[in-house]
>>> print(open('data28.cif').read())   # mmCIF, C-alpha atoms
data_model
loop_
_atom_site.label_atom_id
_atom_site.label_comp_id
_atom_site.auth_asym_id
_atom_site.auth_seq_id
_atom_site.Cartn_x
_atom_site.Cartn_y
_atom_site.Cartn_z
CA MET B 20 -97.47 -18.11 -51.77
CA ASN B 21 -99.01 -18.09 -55.23
CA LYS B 22 -96.62 -18.06 -58.13
CA MET B 23 -96.55 -14.84 -60.11
CA LYS B 24 -98.71 -15.16 -63.20
CA ASP B 25 -96.99 -14.72 -66.55
CA GLU B 26 -98.82 -11.48 -67.24
CA GLU B 27 -97.55 -10.07 -63.91
CA LYS B 28 -93.89 -10.83 -64.57
CA PRO B 29 -91.72 -7.86 -65.59
CA LYS B 30 -91.18 -7.79 -69.34
CA HIS B 31 -87.69 -8.99 -70.22
CA LEU B 32 -85.40 -6.29 -71.57
CA SER B 33 -83.12 -7.58 -74.33
CA VAL B 34 -79.61 -6.15 -74.17
CA VAL B 35 -77.52 -8.19 -76.62
CA THR B 36 -77.75 -6.79 -80.17
CA ASP B 37 -77.35 -8.64 -83.47
CA GLU B 38 -73.96 -6.98 -83.91
CA SER B 39 -72.71 -7.89 -80.45
CA LEU B 40 -73.95 -11.46 -80.93
CA LYS B 41 -71.74 -11.76 -84.02
CA PHE B 42 -68.76 -10.79 -81.88
CA PHE B 43 -69.79 -13.27 -79.18
CA GLU B 44 -69.91 -16.14 -81.68
CA ASN B 45 -66.53 -15.21 -83.14
CA TYR B 46 -65.06 -14.83 -79.67
CA ILE B 47 -66.30 -18.24 -78.50
CA ASN B 48 -65.11 -20.01 -81.64
CA ASN B 49 -61.59 -18.60 -81.26
CA PRO B 50 -59.47 -20.86 -79.01
CA SER B 51 -57.99 -19.30 -75.86
CA PRO B 52 -56.42 -22.14 -73.86
CA THR B 53 -54.88 -21.36 -70.48
CA GLY B 54 -51.45 -19.84 -71.03
CA PHE B 55 -52.19 -19.16 -74.71
CA GLU B 56 -55.00 -16.61 -74.47
CA TYR B 57 -53.56 -13.79 -76.57
CA PRO B 58 -55.46 -14.30 -79.88
CA GLY B 59 -58.76 -14.21 -78.02
CA GLN B 60 -57.62 -11.24 -75.96
CA LYS B 61 -56.85 -9.32 -79.14
CA LEU B 62 -60.36 -10.00 -80.47
CA TRP B 63 -61.82 -8.84 -77.17
CA LEU B 64 -59.78 -5.63 -77.01
CA ASP B 65 -60.65 -4.79 -80.62
CA TYR B 66 -64.35 -5.08 -79.75
CA LEU B 67 -63.93 -3.10 -76.55
CA ALA B 68 -61.82 -0.30 -78.06
CA PRO B 69 -64.68 2.10 -79.05
CA TYR B 70 -66.05 2.03 -75.51
CA VAL B 71 -62.95 2.75 -73.41
CA ASP B 72 -60.37 5.52 -73.09
CA GLU B 73 -57.31 3.27 -73.11
CA SER B 74 -56.28 -0.36 -72.76
CA PHE B 75 -53.29 -2.52 -71.94
CA ILE B 76 -52.18 -6.16 -71.68
CA ASP B 77 -49.91 -7.36 -68.88
CA SER B 78 -46.94 -9.69 -69.17
CA TYR B 79 -49.02 -12.86 -69.00
CA GLY B 80 -51.86 -11.71 -71.25
CA THR B 81 -54.56 -10.27 -68.99
CA ALA B 82 -56.36 -7.59 -71.04
CA VAL B 83 -57.75 -4.41 -69.51
CA GLY B 84 -59.86 -1.58 -70.90
CA VAL B 85 -60.05 1.60 -68.83
CA ILE B 86 -62.65 4.36 -68.59
CA ASN B 87 -61.48 7.49 -66.73
CA PRO B 88 -57.89 6.26 -66.27
CA LYS B 89 -56.81 9.35 -64.28
CA ALA B 90 -59.39 8.83 -61.53
CA ASP B 91 -58.04 7.92 -58.09
CA PHE B 92 -60.96 5.68 -57.09
CA LYS B 93 -60.86 2.45 -59.12
CA VAL B 94 -63.64 -0.05 -59.73
CA VAL B 95 -63.00 -3.37 -61.49
CA ILE B 96 -65.50 -5.50 -63.38
CA GLU B 97 -63.84 -8.78 -64.24
CA ALA B 98 -64.14 -12.12 -66.02
CA HIS B 99 -61.59 -14.69 -67.10
CA ALA B 100 -60.58 -15.43 -70.67
CA ASP B 101 -58.96 -18.86 -70.58
CA GLU B 102 -60.52 -22.19 -71.50
CA ILE B 103 -59.63 -25.69 -70.39
CA SER B 104 -57.49 -27.69 -72.80
CA TRP B 105 -54.86 -30.43 -73.01
CA PHE B 106 -51.10 -30.65 -73.45
CA VAL B 107 -49.22 -33.19 -75.56
CA ASN B 108 -47.37 -35.23 -72.94
CA TYR B 109 -46.02 -38.35 -74.67
CA ILE B 110 -45.74 -39.54 -78.28
CA THR B 111 -45.52 -43.30 -78.82
CA ALA B 112 -43.28 -45.00 -81.34
CA GLU B 113 -46.44 -45.82 -83.29
CA GLY B 114 -47.43 -42.15 -83.56
CA LEU B 115 -50.19 -42.01 -80.95
CA ILE B 116 -50.29 -39.11 -78.48
CA TYR B 117 -51.02 -39.18 -74.76
CA VAL B 118 -52.07 -36.01 -72.96
CA ILE B 119 -52.21 -34.21 -69.62
CA ARG B 120 -54.70 -31.58 -68.51
CA ASN B 121 -54.31 -27.84 -68.88
CA GLY B 122 -57.01 -26.86 -66.39
CA GLY B 123 -59.95 -29.06 -65.39
CA SER B 124 -60.46 -30.95 -68.65
CA ASP B 125 -62.89 -33.86 -68.35
CA HIS B 126 -61.40 -37.16 -69.48
CA GLN B 127 -64.82 -38.80 -69.69
CA ILE B 128 -66.01 -36.64 -72.60
CA ALA B 129 -62.80 -37.00 -74.61
CA PRO B 130 -63.28 -40.29 -76.57
CA SER B 131 -64.37 -39.66 -80.20
CA LYS B 132 -63.92 -35.88 -79.92
CA ARG B 133 -62.19 -33.97 -82.72
CA VAL B 134 -59.42 -31.62 -81.65
CA ASN B 135 -56.94 -29.07 -82.92
CA ILE B 136 -53.29 -29.41 -81.93
CA HIS B 137 -51.68 -25.97 -81.92
CA THR B 138 -48.18 -25.94 -83.40
CA GLU B 139 -45.81 -23.32 -84.75
CA LYS B 140 -46.62 -24.67 -88.22
CA GLY B 141 -50.35 -24.16 -87.67
CA LEU B 142 -53.25 -26.32 -86.54
CA VAL B 143 -53.02 -30.09 -86.85
CA LYS B 144 -56.26 -32.07 -86.78
CA ALA B 145 -56.58 -35.14 -84.56
CA VAL B 146 -59.19 -37.24 -82.77
CA PHE B 147 -59.43 -38.85 -79.37
CA GLY B 148 -59.57 -42.52 -80.35
CA TRP B 149 -61.43 -45.22 -78.43
CA PRO B 150 -61.75 -49.00 -78.92
CA ALA B 151 -64.92 -50.15 -80.71
CA ILE B 152 -67.71 -51.59 -78.58
CA HIS B 153 -67.19 -54.97 -80.27
CA THR B 154 -63.66 -55.23 -78.87
CA ARG B 155 -64.39 -54.19 -75.29
CA ASN B 156 -64.88 -57.63 -73.82
CA GLY B 157 -65.04 -58.59 -70.19
CA GLU B 158 -67.47 -58.22 -67.32
CA LYS B 159 -66.22 -54.74 -66.40
CA GLU B 160 -65.44 -52.26 -69.14
CA GLU B 161 -62.48 -49.93 -68.73
CA ALA B 162 -63.74 -46.37 -68.39
CA PRO B 163 -62.03 -43.35 -69.99
CA ALA B 164 -59.22 -42.09 -67.78
CA LEU B 165 -56.18 -39.90 -68.15
CA LYS B 166 -54.02 -43.02 -68.44
CA ASN B 167 -55.89 -44.46 -71.45
CA ILE B 168 -57.26 -41.61 -73.58
CA PHE B 169 -55.07 -40.85 -76.57
CA LEU B 170 -54.95 -38.81 -79.76
CA ASP B 171 -54.61 -40.14 -83.28
CA CYS B 172 -53.51 -37.60 -85.89
CA GLY B 173 -53.21 -40.15 -88.70
CA CYS B 174 -49.51 -40.82 -88.31
CA THR B 175 -47.78 -44.17 -87.98
CA SER B 176 -44.57 -43.14 -86.22
CA ARG B 177 -43.20 -40.64 -83.70
CA GLU B 178 -41.06 -39.12 -86.44
CA GLU B 179 -44.08 -38.48 -88.66
CA VAL B 180 -45.89 -36.77 -85.76
CA GLU B 181 -42.89 -34.56 -85.10
CA GLN B 182 -42.63 -33.62 -88.77
CA LEU B 183 -46.10 -32.08 -88.45
CA GLY B 184 -44.68 -29.72 -85.83
CA ILE B 185 -46.14 -31.58 -82.85
CA HIS B 186 -43.97 -31.82 -79.76
CA VAL B 187 -44.41 -32.33 -76.03
CA GLY B 188 -46.05 -29.16 -74.68
CA CYS B 189 -48.22 -28.37 -77.69
CA VAL B 190 -51.65 -27.30 -76.51
CA ILE B 191 -54.84 -29.03 -77.70
CA THR B 192 -58.38 -27.63 -77.95
CA TYR B 193 -61.71 -29.09 -79.04
CA GLU B 194 -63.23 -28.15 -82.40
CA ASP B 195 -66.82 -27.62 -81.20
CA GLU B 196 -68.32 -24.23 -82.07
CA PHE B 197 -71.02 -21.80 -80.96
CA MET B 198 -74.70 -22.29 -81.72
CA VAL B 199 -78.11 -21.05 -80.55
CA LEU B 200 -80.43 -23.81 -79.32
CA ASN B 201 -84.21 -23.40 -79.62
CA ASP B 202 -83.78 -19.60 -79.69
CA ARG B 203 -83.30 -19.86 -75.93
CA TYR B 204 -79.78 -21.04 -75.14
CA TYR B 205 -76.30 -20.14 -76.30
CA VAL B 206 -74.27 -23.35 -76.60
CA GLY B 207 -70.55 -23.92 -77.09
CA ARG B 208 -67.21 -24.72 -75.53
CA ALA B 209 -65.53 -22.13 -73.30
CA LEU B 210 -68.69 -20.27 -72.30
CA ASP B 211 -66.86 -20.74 -69.00
CA ASN B 212 -65.92 -17.98 -68.95
CA ARG B 213 -65.70 -16.10 -72.20
CA ALA B 214 -69.40 -15.45 -71.68
CA GLY B 215 -68.18 -13.31 -68.78
CA GLY B 216 -65.73 -11.44 -70.97
CA PHE B 217 -68.51 -10.80 -73.44
CA MET B 218 -70.86 -9.52 -70.74
CA ILE B 219 -68.42 -7.04 -69.21
CA ALA B 220 -67.62 -5.73 -72.71
CA GLU B 221 -71.36 -5.22 -73.21
CA VAL B 222 -71.48 -3.23 -69.97
CA ALA B 223 -68.84 -0.91 -71.41
CA ARG B 224 -70.87 -0.62 -74.61
CA LEU B 225 -74.01 0.35 -72.70
CA LEU B 226 -72.16 2.98 -70.68
CA LYS B 227 -70.85 4.54 -73.89
CA GLU B 228 -74.09 4.35 -75.86
CA ASN B 229 -76.14 5.71 -72.94
CA LYS B 230 -73.58 8.49 -72.37
CA LYS B 231 -73.07 7.66 -68.72
CA ASP B 232 -70.26 9.53 -66.99
CA LEU B 233 -68.88 7.54 -64.09
CA PRO B 234 -67.37 9.41 -61.11
CA PHE B 235 -64.56 6.84 -60.80
CA GLY B 236 -62.13 4.91 -62.96
CA LEU B 237 -63.61 1.73 -64.40
CA TYR B 238 -61.27 -1.15 -65.25
CA ILE B 239 -62.84 -3.80 -67.49
CA VAL B 240 -60.58 -6.79 -66.85
CA ASN B 241 -60.35 -10.06 -68.79
CA SER B 242 -57.95 -12.17 -66.74
CA VAL B 243 -55.88 -15.15 -67.84
CA GLN B 244 -55.11 -18.44 -66.09
CA GLU B 245 -58.18 -18.67 -63.85
CA GLU B 246 -58.62 -22.34 -64.66
CA ILE B 247 -55.33 -23.28 -63.00
CA GLY B 248 -55.66 -21.23 -59.82
CA LEU B 249 -56.84 -17.62 -60.33
CA ARG B 250 -53.30 -16.65 -61.36
CA GLY B 251 -54.10 -13.85 -63.80
CA ALA B 252 -56.41 -12.15 -61.34
CA GLU B 253 -53.76 -12.34 -58.63
CA MET B 254 -51.28 -10.55 -60.87
CA ILE B 255 -53.58 -7.85 -62.24
CA ALA B 256 -55.06 -7.04 -58.82
CA GLN B 257 -51.58 -6.08 -57.64
CA ARG B 258 -51.05 -3.87 -60.67
CA ILE B 259 -54.40 -2.04 -60.67
CA LYS B 260 -54.88 -1.89 -56.89
CA PRO B 261 -58.65 -1.42 -57.17
CA ASN B 262 -60.94 -0.07 -54.47
CA VAL B 263 -63.88 -2.28 -55.49
CA ALA B 264 -64.21 -5.41 -57.64
CA ILE B 265 -67.29 -7.02 -59.19
CA VAL B 266 -66.44 -10.39 -60.69
CA THR B 267 -68.58 -12.46 -63.04
CA ASP B 268 -68.14 -16.15 -63.74
CA VAL B 269 -70.38 -19.15 -64.35
CA THR B 270 -72.00 -21.44 -61.82
CA HIS B 271 -73.80 -24.77 -62.11
CA ASP B 272 -77.38 -25.13 -63.25
CA THR B 273 -78.41 -27.84 -60.80
CA SER B 274 -81.76 -28.66 -62.41
CA THR B 275 -80.34 -31.30 -64.78
CA PRO B 276 -79.98 -35.01 -63.88
CA MET B 277 -77.32 -36.45 -61.57
CA ILE B 278 -76.74 -33.25 -59.57
CA ASN B 279 -77.54 -33.18 -55.86
CA LYS B 280 -79.29 -29.94 -54.90
CA ILE B 281 -78.68 -30.67 -51.22
CA THR B 282 -74.95 -30.18 -51.77
CA GLN B 283 -74.90 -28.02 -54.91
CA GLY B 284 -77.84 -25.68 -54.23
CA ASP B 285 -80.98 -25.01 -56.27
CA LEU B 286 -80.09 -22.94 -59.33
CA ALA B 287 -81.39 -22.96 -62.89
CA CYS B 288 -80.80 -21.33 -66.24
CA GLY B 289 -83.43 -18.75 -67.11
CA LYS B 290 -84.08 -17.65 -63.52
CA GLY B 291 -81.58 -14.81 -63.46
CA PRO B 292 -78.07 -13.92 -62.26
CA VAL B 293 -76.76 -15.59 -59.11
CA VAL B 294 -75.44 -13.57 -56.18
CA SER B 295 -73.09 -15.43 -53.85
CA TYR B 296 -72.62 -15.56 -50.11
CA ALA B 297 -69.07 -16.46 -49.11
CA PRO B 298 -66.30 -15.18 -46.82
CA ALA B 299 -64.65 -13.39 -49.77
CA VAL B 300 -67.88 -11.64 -50.75
CA GLN B 301 -68.09 -8.24 -49.02
CA THR B 302 -71.55 -8.02 -47.48
CA ASN B 303 -72.21 -4.32 -48.05
CA LEU B 304 -71.23 -4.54 -51.71
CA ASN B 305 -73.41 -7.64 -52.05
CA LYS B 306 -76.33 -5.71 -50.56
CA LEU B 307 -75.82 -3.01 -53.18
CA LEU B 308 -76.07 -5.66 -55.93
CA ILE B 309 -79.26 -7.12 -54.46
CA LYS B 310 -80.86 -3.71 -53.96
CA THR B 311 -79.95 -2.80 -57.53
CA ALA B 312 -81.57 -5.98 -58.86
CA GLN B 313 -84.73 -5.31 -56.87
CA GLU B 314 -84.96 -1.65 -57.93
CA ASN B 315 -84.57 -2.56 -61.60
CA SER B 316 -86.82 -5.67 -61.59
CA ILE B 317 -83.88 -7.93 -62.47
CA PRO B 318 -84.59 -11.53 -61.39
CA PHE B 319 -81.82 -13.09 -59.35
CA GLN B 320 -80.93 -16.27 -57.47
CA ARG B 321 -78.79 -16.86 -54.38
CA GLN B 322 -75.90 -19.25 -53.82
CA ALA B 323 -73.88 -20.09 -50.73
CA SER B 324 -70.22 -21.03 -50.97
CA SER B 325 -68.15 -22.56 -48.20
CA ARG B 326 -64.54 -21.58 -47.68
CA SER B 327 -64.13 -19.89 -51.07
CA THR B 328 -66.02 -19.05 -54.24
CA GLY B 329 -63.43 -20.79 -56.40
CA THR B 330 -63.49 -17.78 -58.71
CA ASP B 331 -61.35 -14.70 -59.29
CA THR B 332 -63.44 -13.02 -56.58
CA ASP B 333 -61.15 -14.65 -54.03
CA ALA B 334 -58.02 -13.28 -55.71
CA PHE B 335 -59.32 -9.70 -55.74
CA ALA B 336 -60.85 -9.84 -52.27
CA TYR B 337 -57.64 -10.88 -50.55
CA SER B 338 -55.31 -8.59 -52.47
CA ASN B 339 -53.84 -5.24 -51.46
CA GLY B 340 -54.91 -5.47 -47.83
CA GLY B 341 -58.48 -6.40 -48.75
CA VAL B 342 -60.64 -5.16 -51.63
CA PRO B 343 -64.46 -5.14 -51.28
CA SER B 344 -65.45 -7.75 -53.85
CA ALA B 345 -68.61 -9.52 -54.96
CA LEU B 346 -69.56 -12.22 -57.44
CA ILE B 347 -72.35 -12.26 -60.01
CA SER B 348 -72.62 -15.70 -61.57
CA LEU B 349 -74.22 -16.90 -64.78
CA PRO B 350 -76.05 -20.26 -64.49
CA LEU B 351 -74.58 -22.80 -66.90
CA ARG B 352 -75.35 -26.38 -67.84
CA TYR B 353 -72.71 -29.06 -68.55
CA MET B 354 -69.64 -27.15 -67.31
CA HIS B 355 -66.25 -28.17 -68.73
CA THR B 356 -67.82 -29.94 -71.69
CA THR B 357 -68.03 -28.84 -75.32
CA VAL B 358 -71.78 -28.21 -75.03
CA GLU B 359 -71.93 -25.69 -72.21
CA MET B 360 -75.33 -23.97 -72.19
CA ILE B 361 -76.44 -20.54 -70.94
CA HIS B 362 -79.83 -18.86 -71.17
CA LYS B 363 -80.10 -15.79 -73.38
CA GLU B 364 -82.16 -13.90 -70.81
CA ASP B 365 -79.63 -14.62 -68.06
CA VAL B 366 -76.90 -13.07 -70.21
CA ASP B 367 -79.01 -9.93 -70.67
CA ASN B 368 -79.77 -9.78 -66.96
CA VAL B 369 -76.18 -10.20 -65.80
CA ILE B 370 -75.17 -7.35 -68.11
CA SER B 371 -78.01 -5.20 -66.77
CA LEU B 372 -77.19 -5.98 -63.14
CA ILE B 373 -73.53 -5.04 -63.50
CA TYR B 374 -74.43 -1.91 -65.49
CA HIS B 375 -76.98 -0.62 -62.98
CA SER B 376 -74.76 -1.56 -60.02
CA LEU B 377 -71.98 0.63 -61.41
CA LEU B 378 -74.42 3.53 -61.60
CA ASN B 379 -75.15 3.03 -57.89
CA ILE B 380 -71.49 3.14 -56.82
CA GLN B 381 -70.32 6.57 -55.74
CA ASN B 382 -66.88 8.10 -55.96
CA ASN B 383 -64.88 7.04 -52.88
CA HIS B 384 -67.74 4.71 -51.93
CA ASP B 385 -67.00 3.35 -48.47
CA PHE B 386 -68.19 -0.25 -48.02
CA THR B 387 -66.50 -0.60 -44.62
CA TYR B 388 -68.56 -2.43 -42.01
CA GLY B 389 -70.01 -0.10 -39.41
CA LYS B 390 -69.99 2.96 -41.68
#
>>> encode(input="data28.cif", output="structure tokens")
Amino acid sequence: MNKMKDEEKPKHLSVVTDESLKFFENYINNPSPTGFEYPGQKLWLDYLAPYVDESFIDSYGTAVGVINPKADFKVVIEAHADEISWFVNYITAEGLIYVIRNGGSDHQIAPSKRVNIHTEKGLVKAVFGWPAIHTRNGEKEEAPALKNIFLDCGCTSREEVEQLGIHVGCVITYEDEFMVLNDRYYVGRALDNRAGGFMIAEVARLLKENKKDLPFGLYIVNSVQEEIGLRGAEMIAQRIKPNVAIVTDVTHDTSTPMINKITQGDLACGKGPVVSYAPAVQTNLNKLLIKTAQENSIPFQRQASSRSTGTDTDAFAYSNGGVPSALISLPLRYMHTTVEMIHKEDVDNVISLIYHSLLNIQNNHDFTYGK
């Protein structure tokens, strides 16, 4: 089959505005570590407020905006708000700090990174130290590992560290901030998955600006604690009791070096949203997403998962006796690093796919097999 010529490809429709991009940058730069998401949730709800009828935050910090709150039939669009981070675990007598993970933080990228330690007295700057190359003698170098990475905040004793407000349990985030690379990629830490929170907020904006009246209640959900086991989604699913859930998260761009496409699939940034096939993904809802993409000339890719998607899709799908759920993923390079990368056009297309899919869902839509 001949590849489609450039002039035959559908013209890309830009969705993200200059104003919404400013919010996205601010939202990414604001830390929201797992268990400490509230400041980011407040930013998100403030942005969402003009586009919803009401909003609320649950006991653990999951934020929800609602359109048509009195409707009986409830549809969720969802992302997760938390980012991976570290906890202070042990302070040495010499004032150095050892850490444990809060989520899937990568020990191999830590050495020489600058961080913020969050204390009740405010942020304390520190760095992940690492021995100079000149001192690392021997035939086999010791690689970074949880047992040997450490923070240096410029103190010389445990007492001096504690005087700064640092104690065991303080959370630690990286400093790295948002940027646009080659006018093609958004780059930053925590695009997994605050990019998702941004995209579902943009869906709400489009519905409002285009004056679309939905025949059901729409719950725009930004869940907490996904990175440590889908916990926020589990809690909010029980509270909302939705009839349908469309979840968005990131997935791996497998076109970069050292990734095996045989095991990880063939996916790339710039080629569109990714629809998933997995036991938790309800087939009829998935077919609606695919048909919507085809009808609206939205490029998309396909991904197969094994036992689970590993996303909040699983939490919604298996809640409340079973909720028809599907996953729309955003391809991302360098997951769980400080230089996560997503393609601008993919962001636009995920927003468009969710938006148009909502317009294709009817009140009391029955996705039951055999109907």
>>> closest_residue(input="data28.cif", among="B:Glu364, B:Glu314, B:Glu245, B:Asp195", to="Gly329 (chain B)", atoms="all atoms listed in the file")
B:Glu245
>>> resolve_selection(input="data28.cif", expression="the PyMOL selection byres ((chain B and resi 253) around 12)", output="JSON, numbers by chain")
{"B": [79, 81, 99, 242, 243, 244, 245, 247, 248, 249, 250, 251, 252, 254, 255, 256, 257, 258, 259, 260, 330, 331, 332, 333, 334, 335, 336, 337, 338, 339]}
>>> resolve_selection(input="data28.cif", expression="the PyMOL selection byres ((chain B and resi 138) around 9)", output="JSON, numbers by chain")
{"B": [136, 137, 139, 140, 141, 142, 143, 183, 184, 185, 186, 189, 190]}
>>> write_last_selection(input="data28.cif", atoms="C-alpha atoms", output="PDB file, in the coordinates of the input")
ATOM      1  CA  ILE B 136     -53.290 -29.410 -81.930  1.00  0.00           C
ATOM      2  CA  HIS B 137     -51.680 -25.970 -81.920  1.00  0.00           C
ATOM      3  CA  GLU B 139     -45.810 -23.320 -84.750  1.00  0.00           C
ATOM      4  CA  LYS B 140     -46.620 -24.670 -88.220  1.00  0.00           C
ATOM      5  CA  GLY B 141     -50.350 -24.160 -87.670  1.00  0.00           C
ATOM      6  CA  LEU B 142     -53.250 -26.320 -86.540  1.00  0.00           C
ATOM      7  CA  VAL B 143     -53.020 -30.090 -86.850  1.00  0.00           C
ATOM      8  CA  LEU B 183     -46.100 -32.080 -88.450  1.00  0.00           C
ATOM      9  CA  GLY B 184     -44.680 -29.720 -85.830  1.00  0.00           C
ATOM     10  CA  ILE B 185     -46.140 -31.580 -82.850  1.00  0.00           C
ATOM     11  CA  HIS B 186     -43.970 -31.820 -79.760  1.00  0.00           C
ATOM     12  CA  CYS B 189     -48.220 -28.370 -77.690  1.00  0.00           C
ATOM     13  CA  VAL B 190     -51.650 -27.300 -76.510  1.00  0.00           C
TER      14      VAL B 190
END
>>> resolve_selection(input="data28.cif", expression="the PyMOL selection byres ((chain B and resi 51) around 9)", output="compact mmCIF listing (two decimals) with C-alpha atoms, in the coordinates of the input")
# COMPACT_ATOMS: atom_id res chain seq x y z
CA ILE B 47 -66.30 -18.24 -78.50
CA ASN B 49 -61.59 -18.60 -81.26
CA PRO B 50 -59.47 -20.86 -79.01
CA PRO B 52 -56.42 -22.14 -73.86
CA THR B 53 -54.88 -21.36 -70.48
CA GLY B 54 -51.45 -19.84 -71.03
CA PHE B 55 -52.19 -19.16 -74.71
CA GLU B 56 -55.00 -16.61 -74.47
CA TYR B 57 -53.56 -13.79 -76.57
CA PRO B 58 -55.46 -14.30 -79.88
CA GLY B 59 -58.76 -14.21 -78.02
CA GLN B 60 -57.62 -11.24 -75.96
CA ALA B 100 -60.58 -15.43 -70.67
CA ASP B 101 -58.96 -18.86 -70.58
CA GLU B 102 -60.52 -22.19 -71.50
CA ILE B 103 -59.63 -25.69 -70.39
CA SER B 104 -57.49 -27.69 -72.80
CA THR B 192 -58.38 -27.63 -77.95
CA ALA B 209 -65.53 -22.13 -73.30
>>> residues_around(input="data28.cif", residues="region 369-371 of chain B", least_positions_apart="3", cutoff="8 Å", atoms="all atoms listed in the file", output="list in words")
Val34, Met218, Ile219, Glu221, Val222, Gly291, Pro292, Ile317, Ile347, Ser348, Leu349, Asp365, Val366, Tyr374 and His375 of chain B
>>> residues_near_point(input="data28.cif", point="(-65.7, -15.7, -65.0)", cutoff="8 Å", atoms="only C-alpha atoms", output="JSON, numbers by chain")
{"B": [97, 98, 99, 100, 211, 212, 213, 214, 215, 216, 266, 267, 268, 269, 330, 331, 348]}
>>> write_last_selection(input="data28.cif", atoms="C-alpha atoms", output="short mmCIF file (atom, residue, chain, number, x, y, z; two decimals), in the frame of the given file")
data_model
loop_
_atom_site.label_atom_id
_atom_site.label_comp_id
_atom_site.auth_asym_id
_atom_site.auth_seq_id
_atom_site.Cartn_x
_atom_site.Cartn_y
_atom_site.Cartn_z
CA GLU B 97 -63.84 -8.78 -64.24
CA ALA B 98 -64.14 -12.12 -66.02
CA HIS B 99 -61.59 -14.69 -67.10
CA ALA B 100 -60.58 -15.43 -70.67
CA ASP B 211 -66.86 -20.74 -69.00
CA ASN B 212 -65.92 -17.98 -68.95
CA ARG B 213 -65.70 -16.10 -72.20
CA ALA B 214 -69.40 -15.45 -71.68
CA GLY B 215 -68.18 -13.31 -68.78
CA GLY B 216 -65.73 -11.44 -70.97
CA VAL B 266 -66.44 -10.39 -60.69
CA THR B 267 -68.58 -12.46 -63.04
CA ASP B 268 -68.14 -16.15 -63.74
CA VAL B 269 -70.38 -19.15 -64.35
CA THR B 330 -63.49 -17.78 -58.71
CA ASP B 331 -61.35 -14.70 -59.29
CA SER B 348 -72.62 -15.70 -61.57
#
>>> residues_near_point(input="data28.cif", point="(-83.6, -6.6, -73.0)", cutoff="9 Å", atoms="only C-alpha atoms", output="list of chain:residue names")
B:Lys30, B:His31, B:Leu32, B:Ser33, B:Val34, B:Val35, B:Glu364, B:Asp367, B:Asn368, B:Ser371
>>> atom_distance(input="data28.cif", atom1="CA of Ile168 (chain B)", atom2="CA of Val358 (chain B)")
19.8 Å
>>> residues_around(input="data28.cif", residues="Asn383 (chain B)", least_positions_apart="2", cutoff="8 Å", atoms="only C-alpha atoms", output="mmCIF file with C-alpha atoms, keeping the file's coordinate frame")
data_model
loop_
_atom_site.group_PDB
_atom_site.id
_atom_site.type_symbol
_atom_site.label_atom_id
_atom_site.label_comp_id
_atom_site.auth_asym_id
_atom_site.auth_seq_id
_atom_site.Cartn_x
_atom_site.Cartn_y
_atom_site.Cartn_z
ATOM 1 C CA PHE B 92 -60.960 5.680 -57.090
ATOM 2 C CA PHE B 235 -64.560 6.840 -60.800
ATOM 3 C CA GLN B 381 -70.320 6.570 -55.740
ATOM 4 C CA ASP B 385 -67.000 3.350 -48.470
#
>>> residues_around(input="data28.cif", residues="Lys231 (chain B)", least_positions_apart="6", cutoff="10 Å", atoms="all atoms listed in the file", output="list in words")
Ala223, Leu225 and Leu378 of chain B
>>> atom_distance(input="data28.cif", atom1="CA of Met360 (chain B)", atom2="CA of Thr275 (chain B)")
11.6 Å
>>> residues_around(input="data28.cif", residues="Tyr117 (chain B)", least_positions_apart="6", cutoff="10 Å", atoms="all atoms listed in the file", output="JSON, numbers by chain")
{"B": [105, 106, 107, 108, 109, 110, 111, 147, 165, 166, 167, 168, 169, 170, 171, 187]}
